[in-house]
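**Student:** If you scroll down you'll find the structure; I have some questions about it.
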Amino acid sequence: MKITKEALLNSLTLELKKKKQSWVAYIPFIIAFTWVLLLFLPPLLMPHGTIYLGNEGKVSVPDNADYINTHIHNPLFRGVYLIGDVMCHQHANRSFFINGNQMPFCSRCTGIFLGLAFGLLVGGMFKVRMGAALYLLGLVPLGLDGVIQLLTAYESTNFNRIVTGMIVGTFSALVFAYIFYDSKTNS
């Protein structure tokens, strides 16, 4: 199968067209933005220095649950941290701290959630068409950052982690917006 120059350029395209505003298009953004707020509010509103989860956590293992259940008394805040305990490793050295409290997700996961919210906002405002190759290219920085860190002595920074997470989150949300809202009208 021969790939033409036009097909390659098309697969690297991101097209945004202004669309009629409908509040329904913003529902995914509202949900994502609410979740992002729930990531930042607990460490901000809890007493200074309440939460430190260490550097031993694993993904898909509720290994910080006992600590979370005994140190966080607000049930909503506790729930956010418990979700983070299952979805994220929650390593302190890879997490941001607010008010002396560790955030419920590492910096990369926080970046992904921020990017999802931003991408869903853009997807609510515009008709989106993104080529598959462009989406895959958007995954490359995160993949490189993680794999190089895994295989070498390189240690990524929280800034690099949040930025690469935001790129993946934004691109993923734009793909979602295209599939969910616009695929029938753009094809």
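Following the order of the structure tokens, first chain is A, next is B, and so on, with residues numbered from 1 inside each chain and ligands from 1 in the order they appear.
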If we count only C-alpha atoms, what is near A:Glu15 at a cut-off of 8 Å, once residues fewer than 2 positions away on the same chain are taken out, given as an NGL selection string?
**Tutor:** :A and (13 or 17 or 127-130)
**Student:** If you run DSSP over the backbone, which residues in stretch 18-161 of chain A end up helix (DSSP H, G or I)? Put them as a PDB file with N, CA and C atoms, in the first residue's frame.
**Tutor:**
ATOM      1  N   TRP A  23     -24.847  24.275  25.230  1.00  0.00           N
ATOM      2  CA  TRP A  23     -24.352  23.973  26.574  1.00  0.00           C
ATOM      3  C   TRP A  23     -24.099  22.483  26.747  1.00  0.00           C
ATOM      4  N   VAL A  24     -24.787  21.641  26.003  1.00  0.00           N
ATOM      5  CA  VAL A  24     -24.615  20.191  26.103  1.00  0.00           C
ATOM      6  C   VAL A  24     -23.180  19.798  25.725  1.00  0.00           C
ATOM      7  N   ALA A  25     -22.591  20.513  24.785  1.00  0.00           N
ATOM      8  CA  ALA A  25     -21.227  20.214  24.354  1.00  0.00           C
ATOM      9  C   ALA A  25     -20.214  20.456  25.467  1.00  0.00           C
ATOM     10  N   TYR A  26     -20.590  21.212  26.480  1.00  0.00           N
ATOM     11  CA  TYR A  26     -19.669  21.514  27.577  1.00  0.00           C
ATOM     12  C   TYR A  26     -19.807  20.571  28.764  1.00  0.00           C
ATOM     13  N   ILE A  27     -20.745  19.641  28.735  1.00  0.00           N
ATOM     14  CA  ILE A  27     -20.936  18.718  29.861  1.00  0.00           C
ATOM     15  C   ILE A  27     -19.667  17.907  30.148  1.00  0.00           C
ATOM     16  N   PRO A  28     -19.007  17.306  29.148  1.00  0.00           N
ATOM     17  CA  PRO A  28     -17.759  16.589  29.467  1.00  0.00           C
ATOM     18  C   PRO A  28     -16.701  17.504  30.080  1.00  0.00           C
ATOM     19  N   PHE A  29     -16.599  18.740  29.587  1.00  0.00           N
ATOM     20  CA  PHE A  29     -15.646  19.689  30.173  1.00  0.00           C
ATOM     21  C   PHE A  29     -16.000  19.986  31.623  1.00  0.00           C
ATOM     22  N   ILE A  30     -17.278  20.217  31.903  1.00  0.00           N
ATOM     23  CA  ILE A  30     -17.707  20.530  33.279  1.00  0.00           C
ATOM     24  C   ILE A  30     -17.343  19.381  34.222  1.00  0.00           C
ATOM     25  N   ILE A  31     -17.552  18.157  33.767  1.00  0.00           N
ATOM     26  CA  ILE A  31     -17.202  16.990  34.590  1.00  0.00           C
ATOM     27  C   ILE A  31     -15.693  16.935  34.811  1.00  0.00           C
ATOM     28  N   ALA A  32     -14.929  17.097  33.745  1.00  0.00           N
ATOM     29  CA  ALA A  32     -13.464  17.038  33.856  1.00  0.00           C
ATOM     30  C   ALA A  32     -12.933  18.182  34.711  1.00  0.00           C
ATOM     31  N   PHE A  33     -13.490  19.383  34.543  1.00  0.00           N
ATOM     32  CA  PHE A  33     -13.037  20.536  35.321  1.00  0.00           C
ATOM     33  C   PHE A  33     -13.358  20.347  36.804  1.00  0.00           C
ATOM     34  N   THR A  34     -14.525  19.797  37.098  1.00  0.00           N
ATOM     35  CA  THR A  34     -14.893  19.511  38.492  1.00  0.00           C
ATOM     36  C   THR A  34     -13.897  18.532  39.102  1.00  0.00           C
ATOM     37  N   TRP A  35     -13.539  17.495  38.334  1.00  0.00           N
ATOM     38  CA  TRP A  35     -12.560  16.535  38.826  1.00  0.00           C
ATOM     39  C   TRP A  35     -11.207  17.215  39.085  1.00  0.00           C
ATOM     40  N   VAL A  36     -10.784  18.078  38.174  1.00  0.00           N
ATOM     41  CA  VAL A  36      -9.515  18.792  38.366  1.00  0.00           C
ATOM     42  C   VAL A  36      -9.572  19.641  39.644  1.00  0.00           C
ATOM     43  N   LEU A  37     -10.685  20.301  39.871  1.00  0.00           N
ATOM     44  CA  LEU A  37     -10.827  21.067  41.118  1.00  0.00           C
ATOM     45  C   LEU A  37     -10.690  20.162  42.333  1.00  0.00           C
ATOM     46  N   LEU A  38     -11.259  18.956  42.235  1.00  0.00           N
ATOM     47  CA  LEU A  38     -11.178  18.015  43.353  1.00  0.00           C
ATOM     48  C   LEU A  38      -9.754  17.492  43.575  1.00  0.00           C
ATOM     49  N   LEU A  39      -8.887  17.639  42.596  1.00  0.00           N
ATOM     50  CA  LEU A  39      -7.491  17.260  42.790  1.00  0.00           C
ATOM     51  C   LEU A  39      -6.733  18.326  43.584  1.00  0.00           C
ATOM     52  N   PHE A  40      -7.119  19.585  43.395  1.00  0.00           N
ATOM     53  CA  PHE A  40      -6.396  20.690  44.009  1.00  0.00           C
ATOM     54  C   PHE A  40      -6.982  21.142  45.351  1.00  0.00           C
ATOM     55  N   LEU A  41      -8.294  21.006  45.534  1.00  0.00           N
ATOM     56  CA  LEU A  41      -8.913  21.516  46.753  1.00  0.00           C
ATOM     57  C   LEU A  41      -8.532  20.757  48.021  1.00  0.00           C
ATOM     58  N   PRO A  42      -8.515  19.419  48.026  1.00  0.00           N
ATOM     59  CA  PRO A  42      -8.176  18.740  49.290  1.00  0.00           C
ATOM     60  C   PRO A  42      -6.820  19.135  49.867  1.00  0.00           C
ATOM     61  N   PRO A  43      -5.733  19.091  49.088  1.00  0.00           N
ATOM     62  CA  PRO A  43      -4.468  19.482  49.723  1.00  0.00           C
ATOM     63  C   PRO A  43      -4.435  20.956  50.113  1.00  0.00           C
ATOM     64  N   LEU A  44      -5.184  21.786  49.403  1.00  0.00           N
ATOM     65  CA  LEU A  44      -5.230  23.208  49.715  1.00  0.00           C
ATOM     66  C   LEU A  44      -6.013  23.474  51.003  1.00  0.00           C
ATOM     67  N   LEU A  45      -7.120  22.758  51.194  1.00  0.00           N
ATOM     68  CA  LEU A  45      -8.023  23.047  52.309  1.00  0.00           C
ATOM     69  C   LEU A  45      -7.732  22.247  53.577  1.00  0.00           C
ATOM     70  N   ALA A  65      -4.211   3.141  51.503  1.00  0.00           N
ATOM     71  CA  ALA A  65      -5.584   3.278  52.005  1.00  0.00           C
ATOM     72  C   ALA A  65      -5.635   3.454  53.517  1.00  0.00           C
ATOM     73  N   ASP A  66      -4.855   2.694  54.270  1.00  0.00           N
ATOM     74  CA  ASP A  66      -4.887   2.820  55.738  1.00  0.00           C
ATOM     75  C   ASP A  66      -4.483   4.219  56.172  1.00  0.00           C
ATOM     76  N   TYR A  67      -3.404   4.729  55.592  1.00  0.00           N
ATOM     77  CA  TYR A  67      -2.937   6.076  55.915  1.00  0.00           C
ATOM     78  C   TYR A  67      -4.009   7.107  55.545  1.00  0.00           C
ATOM     79  N   ILE A  68      -4.558   6.988  54.339  1.00  0.00           N
ATOM     80  CA  ILE A  68      -5.576   7.938  53.868  1.00  0.00           C
ATOM     81  C   ILE A  68      -6.792   7.910  54.788  1.00  0.00           C
ATOM     82  N   ASN A  69      -7.248   6.718  55.136  1.00  0.00           N
ATOM     83  CA  ASN A  69      -8.445   6.592  55.982  1.00  0.00           C
ATOM     84  C   ASN A  69      -8.241   7.157  57.380  1.00  0.00           C
ATOM     85  N   THR A  70      -7.030   7.128  57.889  1.00  0.00           N
ATOM     86  CA  THR A  70      -6.797   7.649  59.238  1.00  0.00           C
ATOM     87  C   THR A  70      -6.429   9.129  59.262  1.00  0.00           C
ATOM     88  N   HIS A  71      -5.937   9.677  58.145  1.00  0.00           N
ATOM     89  CA  HIS A  71      -5.476  11.067  58.142  1.00  0.00           C
ATOM     90  C   HIS A  71      -6.421  12.049  57.449  1.00  0.00           C
ATOM     91  N   PRO A  75     -15.050  13.035  53.946  1.00  0.00           N
ATOM     92  CA  PRO A  75     -15.290  11.863  53.085  1.00  0.00           C
ATOM     93  C   PRO A  75     -15.059  12.135  51.597  1.00  0.00           C
ATOM     94  N   LEU A  76     -15.348  13.336  51.115  1.00  0.00           N
ATOM     95  CA  LEU A  76     -15.112  13.658  49.708  1.00  0.00           C
ATOM     96  C   LEU A  76     -13.609  13.687  49.425  1.00  0.00           C
ATOM     97  N   PHE A  77     -12.850  14.355  50.259  1.00  0.00           N
ATOM     98  CA  PHE A  77     -11.401  14.431  50.087  1.00  0.00           C
ATOM     99  C   PHE A  77     -10.782  13.039  50.194  1.00  0.00           C
ATOM    100  N   ARG A  78     -11.252  12.261  51.179  1.00  0.00           N
ATOM    101  CA  ARG A  78     -10.751  10.901  51.352  1.00  0.00           C
ATOM    102  C   ARG A  78     -11.006  10.084  50.093  1.00  0.00           C
ATOM    103  N   GLY A  79     -12.204  10.239  49.515  1.00  0.00           N
ATOM    104  CA  GLY A  79     -12.544   9.511  48.289  1.00  0.00           C
ATOM    105  C   GLY A  79     -11.619   9.845  47.135  1.00  0.00           C
ATOM    106  N   VAL A  80     -11.268  11.114  46.985  1.00  0.00           N
ATOM    107  CA  VAL A  80     -10.358  11.523  45.909  1.00  0.00           C
ATOM    108  C   VAL A  80      -8.994  10.868  46.101  1.00  0.00           C
ATOM    109  N   TYR A  81      -8.497  10.892  47.327  1.00  0.00           N
ATOM    110  CA  TYR A  81      -7.194  10.270  47.598  1.00  0.00           C
ATOM    111  C   TYR A  81      -7.251   8.750  47.424  1.00  0.00           C
ATOM    112  N   LEU A  82      -8.353   8.130  47.794  1.00  0.00           N
ATOM    113  CA  LEU A  82      -8.476   6.675  47.620  1.00  0.00           C
ATOM    114  C   LEU A  82      -8.540   6.296  46.143  1.00  0.00           C
ATOM    115  N   ILE A  83      -9.214   7.112  45.334  1.00  0.00           N
ATOM    116  CA  ILE A  83      -9.213   6.879  43.885  1.00  0.00           C
ATOM    117  C   ILE A  83      -7.788   7.008  43.361  1.00  0.00           C
ATOM    118  N   GLY A  84      -7.086   8.045  43.819  1.00  0.00           N
ATOM    119  CA  GLY A  84      -5.689   8.204  43.438  1.00  0.00           C
ATOM    120  C   GLY A  84      -4.841   7.027  43.870  1.00  0.00           C
ATOM    121  N   ASP A  85      -5.138   6.450  45.023  1.00  0.00           N
ATOM    122  CA  ASP A  85      -4.373   5.308  45.527  1.00  0.00           C
ATOM    123  C   ASP A  85      -4.469   4.113  44.593  1.00  0.00           C
ATOM    124  N   VAL A  86      -5.620   3.924  43.964  1.00  0.00           N
ATOM    125  CA  VAL A  86      -5.803   2.799  43.052  1.00  0.00           C
ATOM    126  C   VAL A  86      -5.276   3.132  41.651  1.00  0.00           C
ATOM    127  N   MET A  87      -5.476   4.362  41.195  1.00  0.00           N
ATOM    128  CA  MET A  87      -5.133   4.726  39.817  1.00  0.00           C
ATOM    129  C   MET A  87      -3.685   5.180  39.622  1.00  0.00           C
ATOM    130  N   ALA A  92       5.662  10.497  46.458  1.00  0.00           N
ATOM    131  CA  ALA A  92       5.829  11.882  46.895  1.00  0.00           C
ATOM    132  C   ALA A  92       6.865  12.624  46.052  1.00  0.00           C
ATOM    133  N   ASN A  93       7.941  11.930  45.674  1.00  0.00           N
ATOM    134  CA  ASN A  93       8.975  12.614  44.905  1.00  0.00           C
ATOM    135  C   ASN A  93       8.560  12.875  43.457  1.00  0.00           C
ATOM    136  N   ARG A  94       7.427  12.364  43.052  1.00  0.00           N
ATOM    137  CA  ARG A  94       6.906  12.612  41.709  1.00  0.00           C
ATOM    138  C   ARG A  94       5.560  13.332  41.768  1.00  0.00           C
ATOM    139  N   SER A 107       2.426  14.032  39.433  1.00  0.00           N
ATOM    140  CA  SER A 107       2.422  15.175  38.509  1.00  0.00           C
ATOM    141  C   SER A 107       2.008  14.766  37.098  1.00  0.00           C
ATOM    142  N   ARG A 108       2.402  13.578  36.624  1.00  0.00           N
ATOM    143  CA  ARG A 108       2.027  13.148  35.275  1.00  0.00           C
ATOM    144  C   ARG A 108       0.512  12.922  35.183  1.00  0.00           C
ATOM    145  N   CYS A 109      -0.048  12.228  36.172  1.00  0.00           N
ATOM    146  CA  CYS A 109      -1.505  12.008  36.168  1.00  0.00           C
ATOM    147  C   CYS A 109      -2.257  13.333  36.286  1.00  0.00           C
ATOM    148  N   THR A 110      -1.758  14.228  37.126  1.00  0.00           N
ATOM    149  CA  THR A 110      -2.376  15.553  37.256  1.00  0.00           C
ATOM    150  C   THR A 110      -2.354  16.269  35.911  1.00  0.00           C
ATOM    151  N   GLY A 111      -1.234  16.182  35.205  1.00  0.00           N
ATOM    152  CA  GLY A 111      -1.144  16.790  33.874  1.00  0.00           C
ATOM    153  C   GLY A 111      -2.135  16.189  32.897  1.00  0.00           C
ATOM    154  N   ILE A 112      -2.306  14.881  32.946  1.00  0.00           N
ATOM    155  CA  ILE A 112      -3.276  14.227  32.057  1.00  0.00           C
ATOM    156  C   ILE A 112      -4.674  14.764  32.335  1.00  0.00           C
ATOM    157  N   PHE A 113      -5.047  14.871  33.607  1.00  0.00           N
ATOM    158  CA  PHE A 113      -6.384  15.383  33.940  1.00  0.00           C
ATOM    159  C   PHE A 113      -6.543  16.851  33.534  1.00  0.00           C
ATOM    160  N   LEU A 114      -5.509  17.660  33.731  1.00  0.00           N
ATOM    161  CA  LEU A 114      -5.566  19.060  33.278  1.00  0.00           C
ATOM    162  C   LEU A 114      -5.730  19.126  31.759  1.00  0.00           C
ATOM    163  N   GLY A 115      -4.969  18.311  31.045  1.00  0.00           N
ATOM    164  CA  GLY A 115      -5.066  18.277  29.586  1.00  0.00           C
ATOM    165  C   GLY A 115      -6.429  17.809  29.111  1.00  0.00           C
ATOM    166  N   LEU A 116      -6.993  16.808  29.783  1.00  0.00           N
ATOM    167  CA  LEU A 116      -8.334  16.345  29.411  1.00  0.00           C
ATOM    168  C   LEU A 116      -9.348  17.479  29.551  1.00  0.00           C
ATOM    169  N   ALA A 117      -9.281  18.207  30.661  1.00  0.00           N
ATOM    170  CA  ALA A 117     -10.218  19.321  30.858  1.00  0.00           C
ATOM    171  C   ALA A 117     -10.039  20.379  29.772  1.00  0.00           C
ATOM    172  N   PHE A 118      -8.797  20.746  29.488  1.00  0.00           N
ATOM    173  CA  PHE A 118      -8.537  21.749  28.449  1.00  0.00           C
ATOM    174  C   PHE A 118      -9.014  21.256  27.085  1.00  0.00           C
ATOM    175  N   GLY A 119      -8.677  20.040  26.728  1.00  0.00           N
ATOM    176  CA  GLY A 119      -9.092  19.486  25.435  1.00  0.00           C
ATOM    177  C   GLY A 119     -10.598  19.393  25.299  1.00  0.00           C
ATOM    178  N   LEU A 120     -11.288  19.049  26.393  1.00  0.00           N
ATOM    179  CA  LEU A 120     -12.753  18.976  26.339  1.00  0.00           C
ATOM    180  C   LEU A 120     -13.370  20.371  26.225  1.00  0.00           C
ATOM    181  N   LEU A 121     -12.718  21.378  26.798  1.00  0.00           N
ATOM    182  CA  LEU A 121     -13.187  22.752  26.599  1.00  0.00           C
ATOM    183  C   LEU A 121     -13.059  23.136  25.124  1.00  0.00           C
ATOM    184  N   VAL A 122     -11.904  22.864  24.534  1.00  0.00           N
ATOM    185  CA  VAL A 122     -11.697  23.154  23.108  1.00  0.00           C
ATOM    186  C   VAL A 122     -12.695  22.361  22.269  1.00  0.00           C
ATOM    187  N   GLY A 123     -12.906  21.084  22.623  1.00  0.00           N
ATOM    188  CA  GLY A 123     -13.856  20.247  21.891  1.00  0.00           C
ATOM    189  C   GLY A 123     -15.293  20.725  22.001  1.00  0.00           C
ATOM    190  N   GLY A 124     -15.621  21.419  23.094  1.00  0.00           N
ATOM    191  CA  GLY A 124     -16.956  22.003  23.223  1.00  0.00           C
ATOM    192  C   GLY A 124     -17.132  23.259  22.392  1.00  0.00           C
ATOM    193  N   MET A 125     -16.022  23.956  22.147  1.00  0.00           N
ATOM    194  CA  MET A 125     -16.069  25.228  21.422  1.00  0.00           C
ATOM    195  C   MET A 125     -15.938  25.054  19.911  1.00  0.00           C
ATOM    196  N   ALA A 132      -4.778  10.641  12.787  1.00  0.00           N
ATOM    197  CA  ALA A 132      -4.273   9.596  13.676  1.00  0.00           C
ATOM    198  C   ALA A 132      -2.779   9.738  13.938  1.00  0.00           C
ATOM    199  N   ALA A 133      -2.011  10.090  12.927  1.00  0.00           N
ATOM    200  CA  ALA A 133      -0.567  10.224  13.108  1.00  0.00           C
ATOM    201  C   ALA A 133      -0.239  11.365  14.065  1.00  0.00           C
ATOM    202  N   LEU A 134      -1.005  12.450  14.008  1.00  0.00           N
ATOM    203  CA  LEU A 134      -0.777  13.565  14.921  1.00  0.00           C
ATOM    204  C   LEU A 134      -1.056  13.131  16.357  1.00  0.00           C
ATOM    205  N   TYR A 135      -2.127  12.390  16.561  1.00  0.00           N
ATOM    206  CA  TYR A 135      -2.430  11.893  17.905  1.00  0.00           C
ATOM    207  C   TYR A 135      -1.280  11.015  18.411  1.00  0.00           C
ATOM    208  N   LEU A 136      -0.812  10.110  17.583  1.00  0.00           N
ATOM    209  CA  LEU A 136       0.291   9.238  17.984  1.00  0.00           C
ATOM    210  C   LEU A 136       1.555  10.045  18.292  1.00  0.00           C
ATOM    211  N   LEU A 137       1.805  11.095  17.517  1.00  0.00           N
ATOM    212  CA  LEU A 137       2.944  11.968  17.805  1.00  0.00           C
ATOM    213  C   LEU A 137       2.785  12.668  19.160  1.00  0.00           C
ATOM    214  N   GLY A 138       1.549  12.960  19.523  1.00  0.00           N
ATOM    215  CA  GLY A 138       1.286  13.582  20.823  1.00  0.00           C
ATOM    216  C   GLY A 138       1.607  12.662  21.991  1.00  0.00           C
ATOM    217  N   LEU A 139       1.612  11.358  21.760  1.00  0.00           N
ATOM    218  CA  LEU A 139       1.955  10.399  22.805  1.00  0.00           C
ATOM    219  C   LEU A 139       3.467  10.242  22.984  1.00  0.00           C
ATOM    220  N   VAL A 140       4.212  10.617  21.960  1.00  0.00           N
ATOM    221  CA  VAL A 140       5.667  10.374  21.948  1.00  0.00           C
ATOM    222  C   VAL A 140       6.396  11.059  23.113  1.00  0.00           C
ATOM    223  N   PRO A 141       6.155  12.340  23.431  1.00  0.00           N
ATOM    224  CA  PRO A 141       6.918  12.951  24.530  1.00  0.00           C
ATOM    225  C   PRO A 141       6.750  12.215  25.864  1.00  0.00           C
ATOM    226  N   LEU A 142       5.527  11.840  26.187  1.00  0.00           N
ATOM    227  CA  LEU A 142       5.295  11.112  27.430  1.00  0.00           C
ATOM    228  C   LEU A 142       5.982   9.752  27.386  1.00  0.00           C
ATOM    229  N   GLY A 143       5.834   9.059  26.270  1.00  0.00           N
ATOM    230  CA  GLY A 143       6.458   7.749  26.129  1.00  0.00           C
ATOM    231  C   GLY A 143       7.970   7.830  26.252  1.00  0.00           C
ATOM    232  N   LEU A 144       8.558   8.801  25.569  1.00  0.00           N
ATOM    233  CA  LEU A 144      10.018   8.961  25.650  1.00  0.00           C
ATOM    234  C   LEU A 144      10.471   9.307  27.067  1.00  0.00           C
ATOM    235  N   ASP A 145       9.775  10.220  27.700  1.00  0.00           N
ATOM    236  CA  ASP A 145      10.131  10.632  29.051  1.00  0.00           C
ATOM    237  C   ASP A 145      10.085   9.439  30.005  1.00  0.00           C
ATOM    238  N   GLY A 146       9.027   8.655  29.917  1.00  0.00           N
ATOM    239  CA  GLY A 146       8.891   7.496  30.798  1.00  0.00           C
ATOM    240  C   GLY A 146       9.861   6.380  30.486  1.00  0.00           C
ATOM    241  N   VAL A 147      10.020   6.048  29.213  1.00  0.00           N
ATOM    242  CA  VAL A 147      10.889   4.925  28.830  1.00  0.00           C
ATOM    243  C   VAL A 147      12.364   5.253  29.085  1.00  0.00           C
ATOM    244  N   ILE A 148      12.786   6.465  28.737  1.00  0.00           N
ATOM    245  CA  ILE A 148      14.178   6.844  28.986  1.00  0.00           C
ATOM    246  C   ILE A 148      14.471   6.810  30.489  1.00  0.00           C
ATOM    247  N   GLN A 149      13.515   7.276  31.280  1.00  0.00           N
ATOM    248  CA  GLN A 149      13.686   7.231  32.737  1.00  0.00           C
ATOM    249  C   GLN A 149      13.775   5.792  33.231  1.00  0.00           C
ATOM    250  N   LEU A 150      12.973   4.920  32.655  1.00  0.00           N
ATOM    251  CA  LEU A 150      12.971   3.511  33.058  1.00  0.00           C
ATOM    252  C   LEU A 150      14.280   2.813  32.698  1.00  0.00           C
ATOM    253  N   LEU A 151      14.841   3.132  31.529  1.00  0.00           N
ATOM    254  CA  LEU A 151      15.986   2.382  31.011  1.00  0.00           C
ATOM    255  C   LEU A 151      17.346   3.013  31.287  1.00  0.00           C
ATOM    256  N   ASN A 158       9.202  16.955  37.729  1.00  0.00           N
ATOM    257  CA  ASN A 158       7.746  17.096  37.815  1.00  0.00           C
ATOM    258  C   ASN A 158       7.224  18.041  36.735  1.00  0.00           C
ATOM    259  N   PHE A 159       8.026  19.035  36.363  1.00  0.00           N
ATOM    260  CA  PHE A 159       7.617  19.925  35.271  1.00  0.00           C
ATOM    261  C   PHE A 159       7.481  19.133  33.966  1.00  0.00           C
ATOM    262  N   ASN A 160       8.482  18.310  33.632  1.00  0.00           N
ATOM    263  CA  ASN A 160       8.400  17.488  32.417  1.00  0.00           C
ATOM    264  C   ASN A 160       7.213  16.538  32.481  1.00  0.00           C
ATOM    265  N   ARG A 161       6.981  15.966  33.640  1.00  0.00           N
ATOM    266  CA  ARG A 161       5.873  15.017  33.792  1.00  0.00           C
ATOM    267  C   ARG A 161       4.523  15.699  33.586  1.00  0.00           C
TER     268      ARG A 161
END
**Student:** From a DSSP calculation on the backbone, collect every residue of chain A in strand (DSSP E) and output the set as a PyMOL selection string.
**Tutor:** chain A and resi 14-18+97-98+101-102+126-130
**Student:** When you look at A:Thr50 with a cut-off of 9 Å (counting only C-alpha atoms), what residues show up, excluding the ones that are within fewer than 4 positions of it in the same chain? I need them as a list in words.
**Tutor:**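 Using only C-alpha atoms, the neighbours found are Pro43, Met46, His71, Ile72, Gly100, Asn101 and Gln102 of chain A.
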**Student:** Can you spit out the residues from that selection as a short mmCIF file (atom, residue, chain, number, x, y, z; two decimals), in the first residue's frame, using C-alpha atoms?
**Tutor:**
data_model
loop_
_atom_site.label_atom_id
_atom_site.label_comp_id
_atom_site.auth_asym_id
_atom_site.auth_seq_id
_atom_site.Cartn_x
_atom_site.Cartn_y
_atom_site.Cartn_z
CA PRO A 43 -4.47 19.48 49.72
CA MET A 46 -6.61 20.40 54.69
CA HIS A 71 -5.48 11.07 58.14
CA ILE A 72 -8.28 12.46 55.95
CA GLY A 100 2.51 21.21 52.59
CA ASN A 101 0.17 18.40 51.49
CA GLN A 102 0.90 15.89 48.76
#
**Student:** To one decimal place, how far is atom CA of A:Phe96 from atom CA of A:His48 in Å?
**Tutor:** 14.0 Å
